[in-house]
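Asker: One file is attached below, final.cif, containing mmCIF, N, CA and C atoms.
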```cif
data_entry
loop_
_atom_site.label_atom_id
_atom_site.label_comp_id
_atom_site.auth_asym_id
_atom_site.auth_seq_id
_atom_site.Cartn_x
_atom_site.Cartn_y
_atom_site.Cartn_z
N MET A 1 -11.57 12.23 5.76
CA MET A 1 -11.53 11.14 4.81
C MET A 1 -11.41 9.82 5.57
N THR A 2 -12.17 8.85 5.15
CA THR A 2 -12.15 7.53 5.77
C THR A 2 -10.89 6.78 5.36
N THR A 3 -10.24 6.17 6.35
CA THR A 3 -9.08 5.32 6.07
C THR A 3 -9.43 3.90 6.47
N TYR A 4 -8.63 2.96 6.01
CA TYR A 4 -8.90 1.55 6.30
C TYR A 4 -8.06 1.03 7.45
N ALA A 5 -7.15 1.85 7.95
CA ALA A 5 -6.32 1.50 9.10
C ALA A 5 -6.03 2.79 9.85
N THR A 6 -5.54 2.65 11.07
CA THR A 6 -5.19 3.80 11.89
C THR A 6 -3.70 3.79 12.17
N VAL A 7 -3.22 4.90 12.71
CA VAL A 7 -1.81 4.98 13.11
C VAL A 7 -1.53 3.90 14.15
N ASP A 8 -2.49 3.67 15.04
CA ASP A 8 -2.34 2.63 16.06
C ASP A 8 -2.20 1.24 15.42
N ASP A 9 -2.93 0.99 14.35
CA ASP A 9 -2.81 -0.29 13.63
C ASP A 9 -1.40 -0.46 13.07
N VAL A 10 -0.85 0.61 12.52
CA VAL A 10 0.51 0.55 11.97
C VAL A 10 1.51 0.22 13.07
N ILE A 11 1.31 0.80 14.25
CA ILE A 11 2.20 0.52 15.38
C ILE A 11 2.05 -0.93 15.84
N LYS A 12 0.80 -1.37 15.99
CA LYS A 12 0.55 -2.74 16.48
C LYS A 12 1.00 -3.81 15.48
N LEU A 13 0.73 -3.59 14.20
CA LEU A 13 1.04 -4.59 13.18
C LEU A 13 2.43 -4.42 12.57
N GLY A 14 3.03 -3.28 12.80
CA GLY A 14 4.32 -3.00 12.18
C GLY A 14 5.43 -2.75 13.18
N ARG A 15 5.57 -1.49 13.55
CA ARG A 15 6.67 -1.12 14.44
C ARG A 15 6.35 0.19 15.15
N GLU A 16 7.17 0.52 16.14
CA GLU A 16 7.04 1.80 16.83
C GLU A 16 7.39 2.92 15.84
N LEU A 17 6.75 4.07 16.02
CA LEU A 17 6.97 5.19 15.12
C LEU A 17 7.50 6.39 15.89
N THR A 18 8.35 7.17 15.24
CA THR A 18 8.79 8.42 15.84
C THR A 18 7.64 9.43 15.72
N SER A 19 7.77 10.56 16.39
CA SER A 19 6.70 11.56 16.33
C SER A 19 6.54 12.09 14.91
N ASP A 20 7.64 12.27 14.18
CA ASP A 20 7.55 12.71 12.78
C ASP A 20 6.86 11.66 11.92
N GLU A 21 7.17 10.40 12.16
CA GLU A 21 6.57 9.31 11.38
C GLU A 21 5.08 9.18 11.66
N MET A 22 4.65 9.49 12.88
CA MET A 22 3.22 9.40 13.21
C MET A 22 2.40 10.34 12.35
N GLU A 23 2.89 11.56 12.20
CA GLU A 23 2.17 12.54 11.39
C GLU A 23 2.18 12.11 9.92
N LYS A 24 3.34 11.65 9.45
CA LYS A 24 3.46 11.18 8.07
C LYS A 24 2.56 9.97 7.84
N THR A 25 2.49 9.07 8.83
CA THR A 25 1.67 7.86 8.72
C THR A 25 0.20 8.21 8.51
N SER A 26 -0.27 9.18 9.23
CA SER A 26 -1.66 9.61 9.10
C SER A 26 -1.96 10.05 7.66
N LEU A 27 -1.06 10.83 7.08
CA LEU A 27 -1.24 11.29 5.70
C LEU A 27 -1.11 10.13 4.71
N LEU A 28 -0.17 9.22 4.95
CA LEU A 28 0.00 8.07 4.07
C LEU A 28 -1.22 7.15 4.10
N LEU A 29 -1.85 7.00 5.25
CA LEU A 29 -3.06 6.18 5.35
C LEU A 29 -4.19 6.78 4.53
N GLU A 30 -4.31 8.10 4.54
CA GLU A 30 -5.32 8.77 3.73
C GLU A 30 -5.04 8.55 2.25
N SER A 31 -3.78 8.69 1.86
CA SER A 31 -3.40 8.48 0.46
C SER A 31 -3.66 7.05 0.02
N THR A 32 -3.35 6.10 0.89
CA THR A 32 -3.56 4.69 0.57
C THR A 32 -5.04 4.41 0.33
N ALA A 33 -5.89 4.93 1.20
CA ALA A 33 -7.33 4.74 1.03
C ALA A 33 -7.82 5.37 -0.28
N ALA A 34 -7.29 6.54 -0.61
CA ALA A 34 -7.69 7.20 -1.85
C ALA A 34 -7.24 6.39 -3.07
N ILE A 35 -6.05 5.82 -3.01
CA ILE A 35 -5.54 4.99 -4.11
C ILE A 35 -6.42 3.76 -4.30
N ILE A 36 -6.80 3.13 -3.20
CA ILE A 36 -7.66 1.94 -3.27
C ILE A 36 -9.03 2.30 -3.83
N ARG A 37 -9.62 3.40 -3.33
CA ARG A 37 -10.93 3.83 -3.83
C ARG A 37 -10.88 4.16 -5.33
N ARG A 38 -9.81 4.82 -5.72
CA ARG A 38 -9.66 5.22 -7.12
C ARG A 38 -9.59 3.99 -8.04
N ARG A 39 -8.82 3.00 -7.61
CA ARG A 39 -8.71 1.78 -8.41
C ARG A 39 -10.06 1.05 -8.47
N ALA A 40 -10.76 1.02 -7.34
CA ALA A 40 -12.08 0.37 -7.31
C ALA A 40 -13.04 1.05 -8.28
N LYS A 41 -12.99 2.38 -8.35
CA LYS A 41 -13.85 3.11 -9.29
C LYS A 41 -13.57 2.70 -10.72
N LYS A 42 -12.28 2.47 -11.04
CA LYS A 42 -11.93 2.02 -12.39
C LYS A 42 -12.57 0.69 -12.71
N TYR A 43 -12.78 -0.12 -11.69
CA TYR A 43 -13.41 -1.43 -11.86
C TYR A 43 -14.92 -1.36 -11.67
N GLY A 44 -15.45 -0.15 -11.53
CA GLY A 44 -16.89 0.02 -11.38
C GLY A 44 -17.42 -0.39 -10.03
N LYS A 45 -16.57 -0.31 -8.98
CA LYS A 45 -16.98 -0.73 -7.65
C LYS A 45 -16.90 0.44 -6.68
N ASP A 46 -17.81 0.46 -5.73
CA ASP A 46 -17.76 1.39 -4.60
C ASP A 46 -17.14 0.62 -3.45
N PHE A 47 -15.84 0.83 -3.22
CA PHE A 47 -15.11 0.01 -2.25
C PHE A 47 -15.67 0.17 -0.83
N ASP A 48 -16.03 1.38 -0.45
CA ASP A 48 -16.58 1.59 0.89
C ASP A 48 -17.88 0.83 1.09
N ALA A 49 -18.70 0.76 0.04
CA ALA A 49 -19.96 0.00 0.11
C ALA A 49 -19.66 -1.49 0.25
N LEU A 50 -18.63 -1.98 -0.44
CA LEU A 50 -18.25 -3.39 -0.33
C LEU A 50 -17.84 -3.74 1.10
N LEU A 51 -17.21 -2.80 1.78
CA LEU A 51 -16.73 -3.05 3.15
C LEU A 51 -17.85 -3.14 4.18
N GLU A 52 -18.99 -2.50 3.90
CA GLU A 52 -20.07 -2.43 4.87
C GLU A 52 -20.53 -3.80 5.35
N ASP A 53 -20.59 -4.77 4.46
CA ASP A 53 -21.12 -6.09 4.82
C ASP A 53 -20.06 -7.18 4.83
N ASP A 54 -18.79 -6.82 4.73
CA ASP A 54 -17.75 -7.84 4.60
C ASP A 54 -16.61 -7.58 5.58
N GLU A 55 -16.70 -8.24 6.73
CA GLU A 55 -15.67 -8.07 7.78
C GLU A 55 -14.31 -8.57 7.31
N ASP A 56 -14.29 -9.63 6.51
CA ASP A 56 -13.02 -10.15 6.00
C ASP A 56 -12.34 -9.12 5.10
N LEU A 57 -13.10 -8.49 4.24
CA LEU A 57 -12.53 -7.48 3.35
C LEU A 57 -12.03 -6.28 4.15
N LYS A 58 -12.74 -5.92 5.21
CA LYS A 58 -12.27 -4.83 6.09
C LYS A 58 -10.90 -5.17 6.67
N SER A 59 -10.75 -6.39 7.12
CA SER A 59 -9.48 -6.84 7.69
C SER A 59 -8.37 -6.82 6.65
N ILE A 60 -8.70 -7.27 5.44
CA ILE A 60 -7.72 -7.28 4.36
C ILE A 60 -7.33 -5.84 3.99
N ALA A 61 -8.30 -4.94 3.90
CA ALA A 61 -8.01 -3.54 3.58
C ALA A 61 -7.10 -2.92 4.64
N LYS A 62 -7.32 -3.28 5.90
CA LYS A 62 -6.45 -2.79 6.97
C LYS A 62 -5.03 -3.30 6.79
N GLU A 63 -4.90 -4.60 6.54
CA GLU A 63 -3.58 -5.22 6.36
C GLU A 63 -2.83 -4.62 5.17
N VAL A 64 -3.51 -4.46 4.05
CA VAL A 64 -2.89 -3.89 2.86
C VAL A 64 -2.47 -2.45 3.13
N SER A 65 -3.30 -1.69 3.79
CA SER A 65 -2.97 -0.30 4.11
C SER A 65 -1.74 -0.21 5.00
N VAL A 66 -1.69 -1.05 6.02
CA VAL A 66 -0.54 -1.05 6.93
C VAL A 66 0.73 -1.43 6.18
N ARG A 67 0.67 -2.47 5.36
CA ARG A 67 1.86 -2.90 4.60
C ARG A 67 2.36 -1.80 3.68
N ALA A 68 1.45 -1.15 2.97
CA ALA A 68 1.83 -0.09 2.03
C ALA A 68 2.47 1.09 2.76
N VAL A 69 1.90 1.45 3.90
CA VAL A 69 2.44 2.57 4.67
C VAL A 69 3.81 2.22 5.24
N LEU A 70 3.97 1.00 5.76
CA LEU A 70 5.27 0.60 6.28
C LEU A 70 6.34 0.59 5.20
N ARG A 71 5.98 0.16 3.99
CA ARG A 71 6.94 0.19 2.89
C ARG A 71 7.38 1.62 2.61
N ALA A 72 6.42 2.55 2.60
CA ALA A 72 6.74 3.95 2.34
C ALA A 72 7.61 4.53 3.45
N LEU A 73 7.31 4.19 4.69
CA LEU A 73 8.11 4.69 5.82
C LEU A 73 9.52 4.10 5.81
N ASN A 74 9.62 2.82 5.47
CA ASN A 74 10.91 2.13 5.49
C ASN A 74 11.77 2.46 4.28
N ALA A 75 11.18 3.02 3.24
CA ALA A 75 11.91 3.26 1.99
C ALA A 75 13.16 4.09 2.20
N SER A 76 13.10 5.06 3.08
CA SER A 76 14.26 5.94 3.27
C SER A 76 15.12 5.54 4.46
N THR A 77 14.66 4.58 5.25
CA THR A 77 15.39 4.28 6.48
C THR A 77 16.03 2.91 6.52
N THR A 78 15.52 1.93 5.76
CA THR A 78 16.06 0.59 5.82
C THR A 78 16.14 -0.04 4.45
N ALA A 79 16.81 -1.15 4.38
CA ALA A 79 16.91 -1.90 3.13
C ALA A 79 15.70 -2.80 2.93
N GLU A 80 14.74 -2.74 3.86
CA GLU A 80 13.56 -3.59 3.78
C GLU A 80 12.74 -3.30 2.52
N ALA A 81 12.83 -2.07 2.02
CA ALA A 81 12.06 -1.69 0.85
C ALA A 81 12.89 -1.80 -0.42
N ALA A 82 13.67 -2.84 -0.51
CA ALA A 82 14.52 -3.05 -1.69
C ALA A 82 13.98 -4.20 -2.52
N SER A 83 14.11 -4.05 -3.83
CA SER A 83 13.74 -5.16 -4.70
C SER A 83 14.94 -6.07 -4.94
N GLN A 84 16.15 -5.53 -4.70
CA GLN A 84 17.36 -6.33 -4.86
C GLN A 84 18.49 -5.74 -4.04
N ILE A 85 19.24 -6.59 -3.35
CA ILE A 85 20.43 -6.19 -2.62
C ILE A 85 21.52 -7.19 -2.94
N THR A 86 22.70 -6.70 -3.31
CA THR A 86 23.82 -7.57 -3.60
C THR A 86 25.02 -7.11 -2.79
N GLN A 87 25.72 -8.02 -2.16
CA GLN A 87 26.93 -7.68 -1.42
C GLN A 87 28.02 -8.69 -1.77
N THR A 88 29.23 -8.21 -1.89
CA THR A 88 30.38 -9.07 -2.14
C THR A 88 31.46 -8.71 -1.14
N ALA A 89 32.14 -9.69 -0.57
CA ALA A 89 33.14 -9.42 0.46
C ALA A 89 34.45 -8.89 -0.13
N GLY A 90 34.95 -9.46 -1.14
CA GLY A 90 36.22 -8.94 -1.66
C GLY A 90 36.16 -8.91 -3.17
N PRO A 91 36.60 -7.94 -3.78
CA PRO A 91 37.12 -6.66 -3.27
C PRO A 91 36.03 -5.60 -3.07
N TYR A 92 35.21 -5.79 -2.10
CA TYR A 92 34.22 -4.82 -1.63
C TYR A 92 33.26 -4.32 -2.71
N SER A 93 32.13 -4.89 -2.78
CA SER A 93 31.11 -4.47 -3.74
C SER A 93 29.76 -4.48 -3.03
N GLN A 94 28.92 -3.55 -3.38
CA GLN A 94 27.59 -3.51 -2.79
C GLN A 94 26.64 -2.88 -3.80
N SER A 95 25.44 -3.41 -3.91
CA SER A 95 24.45 -2.91 -4.85
C SER A 95 23.09 -2.91 -4.17
N PHE A 96 22.30 -1.89 -4.41
CA PHE A 96 20.99 -1.76 -3.78
C PHE A 96 20.03 -1.20 -4.82
N THR A 97 18.92 -1.89 -5.06
CA THR A 97 17.89 -1.40 -5.96
C THR A 97 16.62 -1.16 -5.15
N PRO A 98 16.22 0.10 -4.99
CA PRO A 98 15.03 0.38 -4.19
C PRO A 98 13.75 -0.13 -4.85
N LEU A 99 12.81 -0.56 -4.01
CA LEU A 99 11.52 -1.01 -4.50
C LEU A 99 10.74 0.16 -5.09
N MET A 100 10.82 1.29 -4.43
CA MET A 100 10.12 2.49 -4.87
C MET A 100 11.14 3.62 -4.93
N PRO A 101 11.76 3.85 -6.06
CA PRO A 101 12.82 4.84 -6.14
C PRO A 101 12.44 6.22 -5.60
N GLY A 102 11.21 6.66 -5.79
CA GLY A 102 10.82 7.97 -5.31
C GLY A 102 10.11 7.95 -3.97
N GLY A 103 10.01 6.77 -3.35
CA GLY A 103 9.23 6.66 -2.13
C GLY A 103 7.75 6.62 -2.46
N GLY A 104 6.92 6.87 -1.48
CA GLY A 104 5.49 6.91 -1.71
C GLY A 104 4.81 5.57 -1.53
N ILE A 105 3.53 5.55 -1.81
CA ILE A 105 2.71 4.37 -1.60
C ILE A 105 2.86 3.40 -2.77
N PHE A 106 3.04 2.14 -2.44
CA PHE A 106 3.17 1.09 -3.45
C PHE A 106 2.34 -0.09 -2.97
N ILE A 107 1.36 -0.49 -3.76
CA ILE A 107 0.53 -1.64 -3.43
C ILE A 107 0.88 -2.75 -4.41
N ARG A 108 1.27 -3.88 -3.88
CA ARG A 108 1.73 -5.00 -4.72
C ARG A 108 0.56 -5.68 -5.42
N LYS A 109 0.90 -6.38 -6.50
CA LYS A 109 -0.10 -7.09 -7.29
C LYS A 109 -0.87 -8.09 -6.42
N SER A 110 -0.17 -8.81 -5.56
CA SER A 110 -0.83 -9.79 -4.69
C SER A 110 -1.81 -9.12 -3.73
N GLU A 111 -1.50 -7.89 -3.32
CA GLU A 111 -2.40 -7.16 -2.42
C GLU A 111 -3.64 -6.68 -3.17
N TRP A 112 -3.45 -6.26 -4.42
CA TRP A 112 -4.62 -5.89 -5.23
C TRP A 112 -5.53 -7.11 -5.40
N GLU A 113 -4.92 -8.27 -5.58
CA GLU A 113 -5.71 -9.50 -5.72
C GLU A 113 -6.49 -9.78 -4.44
N MET A 114 -5.85 -9.60 -3.28
CA MET A 114 -6.53 -9.83 -2.01
C MET A 114 -7.73 -8.89 -1.85
N LEU A 115 -7.60 -7.67 -2.39
CA LEU A 115 -8.69 -6.69 -2.31
C LEU A 115 -9.76 -6.92 -3.36
N GLY A 116 -9.50 -7.83 -4.29
CA GLY A 116 -10.44 -8.09 -5.38
C GLY A 116 -10.39 -7.03 -6.46
N LEU A 117 -9.25 -6.35 -6.57
CA LEU A 117 -9.11 -5.25 -7.53
C LEU A 117 -7.95 -5.50 -8.50
N SER A 118 -7.90 -6.71 -9.02
CA SER A 118 -6.84 -7.03 -9.98
C SER A 118 -7.47 -7.69 -11.19
N GLY A 119 -6.65 -8.00 -12.14
CA GLY A 119 -7.15 -8.64 -13.35
C GLY A 119 -7.20 -7.65 -14.48
N GLN A 120 -7.76 -8.07 -15.57
CA GLN A 120 -7.84 -7.20 -16.72
C GLN A 120 -9.04 -6.28 -16.62
N LEU A 121 -8.82 -5.08 -17.06
CA LEU A 121 -9.88 -4.08 -17.08
C LEU A 121 -10.26 -3.84 -18.54
N VAL A 122 -11.50 -4.08 -18.87
CA VAL A 122 -11.96 -3.91 -20.24
C VAL A 122 -12.76 -2.62 -20.31
N THR A 123 -12.37 -1.76 -21.23
CA THR A 123 -13.08 -0.50 -21.40
C THR A 123 -13.35 -0.27 -22.88
N ASN A 124 -14.24 0.65 -23.17
CA ASN A 124 -14.54 1.02 -24.55
C ASN A 124 -13.78 2.28 -24.90
N VAL A 125 -13.28 2.33 -26.09
CA VAL A 125 -12.64 3.52 -26.59
C VAL A 125 -13.48 4.05 -27.73
N GLU A 126 -13.93 5.29 -27.60
CA GLU A 126 -14.78 5.88 -28.63
C GLU A 126 -13.89 6.51 -29.69
N LEU A 127 -14.04 6.04 -30.90
CA LEU A 127 -13.26 6.59 -32.03
C LEU A 127 -14.12 7.59 -32.78
N ILE A 128 -13.53 8.69 -33.10
CA ILE A 128 -14.29 9.75 -33.80
C ILE A 128 -13.80 9.86 -35.21
#
```
Write out the structure in this file as structure tokens.

Answerer:
Amino acid sequence: MTTYATVDDVIKLGRELTSDEMEKTSLLLESTAAIIRRRAKKYGKDFDALLEDDEDLKSIAKEVSVRAVLRALNASTTAEAASQITQTAGPYSQSFTPLMPGGGIFIRKSEWEMLGLSGQLVTNVELI
């Protein structure tokens, strides 16, 4: 399956990976590409065909893929994947709201916009 970024891209643009994370990263990159392709199909677009003649879009797809994979990797290891963190010094309070409670791939609205796959989707519903 074609991916839009490589494990090496994740290392160069993100951070060093453990051996377990490298294997997981490879699978997450495949999932990310599938999610992007699936959304493009909903919009009536062949995303891989769009990439053939657009170097800028290729670069954006790589960046979005790396960001999504890093969020998934960081979800269980750091507070970087939090939508909200609250701390109080006395009498000791702490609150953490994960960005993705179950982990997995999450592509933000702004990233969908960068890929040209956002906005309203108009479809027909056949009533019988």

Asker: Any chance you could list, as a ChimeraX atom specification, the residues in chain A that come up helix (DSSP H, G or I) when DSSP is run on the backbone?

Answerer: /A:7-13,19-42,47-52,55-74,79-81,109-115

Asker: Can you turn the PyMOL selection byres (((chain A and resi 14-31 and name CA) around 7) and name CA) into a concrete residue list for this file, as a VMD selection string?

Answerer: chain A and resid 1 3 5 7 10 to 13 32 to 35 65 69 to 70

Asker: If you measure from atom CA of A:Glu63 to atom CA of A:Ala49, what distance in Å do you get, rounded to one decimal?

Answerer: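 According to the coordinates, atom CA of A:Glu63 and atom CA of A:Ala49 are separated by 18.3 Å.
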
Asker: Between A:Ala61, A:Leu50, A:Val66, A:Leu127, which is the closest to A:Glu113 once you count only C-alpha atoms?

Answerer: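 Smallest distance to A:Glu113 is found for A:Ala61.
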
Asker: Might I get the box with edges along x, y and z of the file that holds all atoms of stretch 38-55 of chain A listed there, padded by 6 Å on every side, given as centre and edge lengths in Å to one decimal, as JSON?

Answerer:
```
{"center_x": -14.9, "center_y": -1.7, "center_z": -2.5, "size_x": 24.4, "size_y": 25.8, "size_z": 32.5}
```

Asker: Got a sec: who's within 12 Å of A:Lys109, counting only C-alpha atoms, leaving out chain neighbours fewer than 3 positions off, as a compact mmCIF listing (two decimals) with N, CA and C atoms, in the frame of the given file?

Answerer:
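The file below, part-v4.txt, is the result:
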```txt
# COMPACT_ATOMS: atom_id res chain seq x y z
N VAL A 64 -3.51 -4.46 4.05
CA VAL A 64 -2.89 -3.89 2.86
C VAL A 64 -2.47 -2.45 3.13
N ALA A 68 1.45 -1.15 2.97
CA ALA A 68 1.83 -0.09 2.03
C ALA A 68 2.47 1.09 2.76
N PHE A 106 3.04 2.14 -2.44
CA PHE A 106 3.17 1.09 -3.45
C PHE A 106 2.34 -0.09 -2.97
N TRP A 112 -3.45 -6.26 -4.42
CA TRP A 112 -4.62 -5.89 -5.23
C TRP A 112 -5.53 -7.11 -5.40
N GLU A 113 -4.92 -8.27 -5.58
CA GLU A 113 -5.71 -9.50 -5.72
C GLU A 113 -6.49 -9.78 -4.44
N MET A 114 -5.85 -9.60 -3.28
CA MET A 114 -6.53 -9.83 -2.01
C MET A 114 -7.73 -8.89 -1.85
N LEU A 115 -7.60 -7.67 -2.39
CA LEU A 115 -8.69 -6.69 -2.31
C LEU A 115 -9.76 -6.92 -3.36
N GLY A 116 -9.50 -7.83 -4.29
CA GLY A 116 -10.44 -8.09 -5.38
C GLY A 116 -10.39 -7.03 -6.46
N LEU A 117 -9.25 -6.35 -6.57
CA LEU A 117 -9.11 -5.25 -7.53
C LEU A 117 -7.95 -5.50 -8.50
N SER A 118 -7.90 -6.71 -9.02
CA SER A 118 -6.84 -7.03 -9.98
C SER A 118 -7.47 -7.69 -11.19
N GLY A 119 -6.65 -8.00 -12.14
CA GLY A 119 -7.15 -8.64 -13.35
C GLY A 119 -7.20 -7.65 -14.48
```

Asker: Please return as a PyMOL selection string: the residues of chain A that backbone DSSP assigns to strand (DSSP E or B).

Answerer: chain A and resi 82-88+93-98

Asker: So how many Å separate atom N of A:Arg38 and atom N of A:Thr2, to one decimal?

Answerer: 11.8 Å

Asker: Any chance you could build stretch 6-28 of chain A out to N, CA, C and O atoms and write it as a PDB file, in the coordinates of the input?

Answerer:
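Dumped everything to rebuild15.pdb:
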```
ATOM      1  N   THR A   6      -5.540   2.650  11.070  1.00  0.00           N
ATOM      2  CA  THR A   6      -5.190   3.800  11.890  1.00  0.00           C
ATOM      3  C   THR A   6      -3.700   3.790  12.170  1.00  0.00           C
ATOM      4  O   THR A   6      -3.003   2.804  11.931  1.00  0.00           O
ATOM      5  N   VAL A   7      -3.220   4.900  12.710  1.00  0.00           N
ATOM      6  CA  VAL A   7      -1.810   4.980  13.110  1.00  0.00           C
ATOM      7  C   VAL A   7      -1.530   3.900  14.150  1.00  0.00           C
ATOM      8  O   VAL A   7      -0.483   3.241  14.123  1.00  0.00           O
ATOM      9  N   ASP A   8      -2.490   3.670  15.040  1.00  0.00           N
ATOM     10  CA  ASP A   8      -2.340   2.630  16.060  1.00  0.00           C
ATOM     11  C   ASP A   8      -2.200   1.240  15.420  1.00  0.00           C
ATOM     12  O   ASP A   8      -1.437   0.409  15.898  1.00  0.00           O
ATOM     13  N   ASP A   9      -2.930   0.990  14.350  1.00  0.00           N
ATOM     14  CA  ASP A   9      -2.810  -0.290  13.630  1.00  0.00           C
ATOM     15  C   ASP A   9      -1.400  -0.460  13.070  1.00  0.00           C
ATOM     16  O   ASP A   9      -0.835  -1.551  13.113  1.00  0.00           O
ATOM     17  N   VAL A  10      -0.850   0.610  12.520  1.00  0.00           N
ATOM     18  CA  VAL A  10       0.510   0.550  11.970  1.00  0.00           C
ATOM     19  C   VAL A  10       1.510   0.220  13.070  1.00  0.00           C
ATOM     20  O   VAL A  10       2.420  -0.586  12.877  1.00  0.00           O
ATOM     21  N   ILE A  11       1.310   0.800  14.250  1.00  0.00           N
ATOM     22  CA  ILE A  11       2.200   0.520  15.380  1.00  0.00           C
ATOM     23  C   ILE A  11       2.050  -0.930  15.840  1.00  0.00           C
ATOM     24  O   ILE A  11       3.032  -1.634  16.038  1.00  0.00           O
ATOM     25  N   LYS A  12       0.800  -1.370  15.990  1.00  0.00           N
ATOM     26  CA  LYS A  12       0.550  -2.740  16.480  1.00  0.00           C
ATOM     27  C   LYS A  12       1.000  -3.810  15.480  1.00  0.00           C
ATOM     28  O   LYS A  12       1.544  -4.830  15.861  1.00  0.00           O
ATOM     29  N   LEU A  13       0.730  -3.590  14.200  1.00  0.00           N
ATOM     30  CA  LEU A  13       1.040  -4.590  13.180  1.00  0.00           C
ATOM     31  C   LEU A  13       2.430  -4.420  12.570  1.00  0.00           C
ATOM     32  O   LEU A  13       2.912  -5.324  11.893  1.00  0.00           O
ATOM     33  N   GLY A  14       3.030  -3.280  12.800  1.00  0.00           N
ATOM     34  CA  GLY A  14       4.320  -3.000  12.180  1.00  0.00           C
ATOM     35  C   GLY A  14       5.430  -2.750  13.180  1.00  0.00           C
ATOM     36  O   GLY A  14       6.094  -3.674  13.619  1.00  0.00           O
ATOM     37  N   ARG A  15       5.570  -1.490  13.550  1.00  0.00           N
ATOM     38  CA  ARG A  15       6.670  -1.120  14.440  1.00  0.00           C
ATOM     39  C   ARG A  15       6.350   0.190  15.150  1.00  0.00           C
ATOM     40  O   ARG A  15       5.424   0.896  14.776  1.00  0.00           O
ATOM     41  N   GLU A  16       7.170   0.520  16.140  1.00  0.00           N
ATOM     42  CA  GLU A  16       7.040   1.800  16.830  1.00  0.00           C
ATOM     43  C   GLU A  16       7.390   2.920  15.840  1.00  0.00           C
ATOM     44  O   GLU A  16       8.208   2.747  14.950  1.00  0.00           O
ATOM     45  N   LEU A  17       6.750   4.070  16.020  1.00  0.00           N
ATOM     46  CA  LEU A  17       6.970   5.190  15.120  1.00  0.00           C
ATOM     47  C   LEU A  17       7.500   6.390  15.890  1.00  0.00           C
ATOM     48  O   LEU A  17       7.133   6.604  17.054  1.00  0.00           O
ATOM     49  N   THR A  18       8.350   7.170  15.240  1.00  0.00           N
ATOM     50  CA  THR A  18       8.790   8.420  15.840  1.00  0.00           C
ATOM     51  C   THR A  18       7.640   9.430  15.720  1.00  0.00           C
ATOM     52  O   THR A  18       6.669   9.198  15.000  1.00  0.00           O
ATOM     53  N   SER A  19       7.770  10.560  16.390  1.00  0.00           N
ATOM     54  CA  SER A  19       6.700  11.560  16.330  1.00  0.00           C
ATOM     55  C   SER A  19       6.540  12.090  14.910  1.00  0.00           C
ATOM     56  O   SER A  19       5.418  12.347  14.457  1.00  0.00           O
ATOM     57  N   ASP A  20       7.640  12.270  14.180  1.00  0.00           N
ATOM     58  CA  ASP A  20       7.550  12.710  12.780  1.00  0.00           C
ATOM     59  C   ASP A  20       6.860  11.660  11.920  1.00  0.00           C
ATOM     60  O   ASP A  20       6.052  11.980  11.043  1.00  0.00           O
ATOM     61  N   GLU A  21       7.170  10.400  12.160  1.00  0.00           N
ATOM     62  CA  GLU A  21       6.570   9.310  11.380  1.00  0.00           C
ATOM     63  C   GLU A  21       5.080   9.180  11.660  1.00  0.00           C
ATOM     64  O   GLU A  21       4.322   8.804  10.770  1.00  0.00           O
ATOM     65  N   MET A  22       4.650   9.490  12.880  1.00  0.00           N
ATOM     66  CA  MET A  22       3.220   9.400  13.210  1.00  0.00           C
ATOM     67  C   MET A  22       2.400  10.340  12.350  1.00  0.00           C
ATOM     68  O   MET A  22       1.351   9.972  11.823  1.00  0.00           O
ATOM     69  N   GLU A  23       2.890  11.560  12.200  1.00  0.00           N
ATOM     70  CA  GLU A  23       2.170  12.540  11.390  1.00  0.00           C
ATOM     71  C   GLU A  23       2.180  12.110   9.920  1.00  0.00           C
ATOM     72  O   GLU A  23       1.168  12.163   9.229  1.00  0.00           O
ATOM     73  N   LYS A  24       3.340  11.650   9.450  1.00  0.00           N
ATOM     74  CA  LYS A  24       3.460  11.180   8.070  1.00  0.00           C
ATOM     75  C   LYS A  24       2.560   9.970   7.840  1.00  0.00           C
ATOM     76  O   LYS A  24       1.931   9.844   6.793  1.00  0.00           O
ATOM     77  N   THR A  25       2.490   9.070   8.830  1.00  0.00           N
ATOM     78  CA  THR A  25       1.670   7.860   8.720  1.00  0.00           C
ATOM     79  C   THR A  25       0.200   8.210   8.510  1.00  0.00           C
ATOM     80  O   THR A  25      -0.484   7.601   7.695  1.00  0.00           O
ATOM     81  N   SER A  26      -0.270   9.180   9.230  1.00  0.00           N
ATOM     82  CA  SER A  26      -1.660   9.610   9.100  1.00  0.00           C
ATOM     83  C   SER A  26      -1.960  10.050   7.660  1.00  0.00           C
ATOM     84  O   SER A  26      -2.980   9.663   7.072  1.00  0.00           O
ATOM     85  N   LEU A  27      -1.060  10.830   7.080  1.00  0.00           N
ATOM     86  CA  LEU A  27      -1.240  11.290   5.700  1.00  0.00           C
ATOM     87  C   LEU A  27      -1.110  10.130   4.710  1.00  0.00           C
ATOM     88  O   LEU A  27      -1.868  10.062   3.727  1.00  0.00           O
ATOM     89  N   LEU A  28      -0.170   9.220   4.950  1.00  0.00           N
ATOM     90  CA  LEU A  28       0.000   8.070   4.070  1.00  0.00           C
ATOM     91  C   LEU A  28      -1.220   7.150   4.100  1.00  0.00           C
ATOM     92  O   LEU A  28      -1.592   6.578   3.069  1.00  0.00           O
TER      93      LEU A  28
END
```
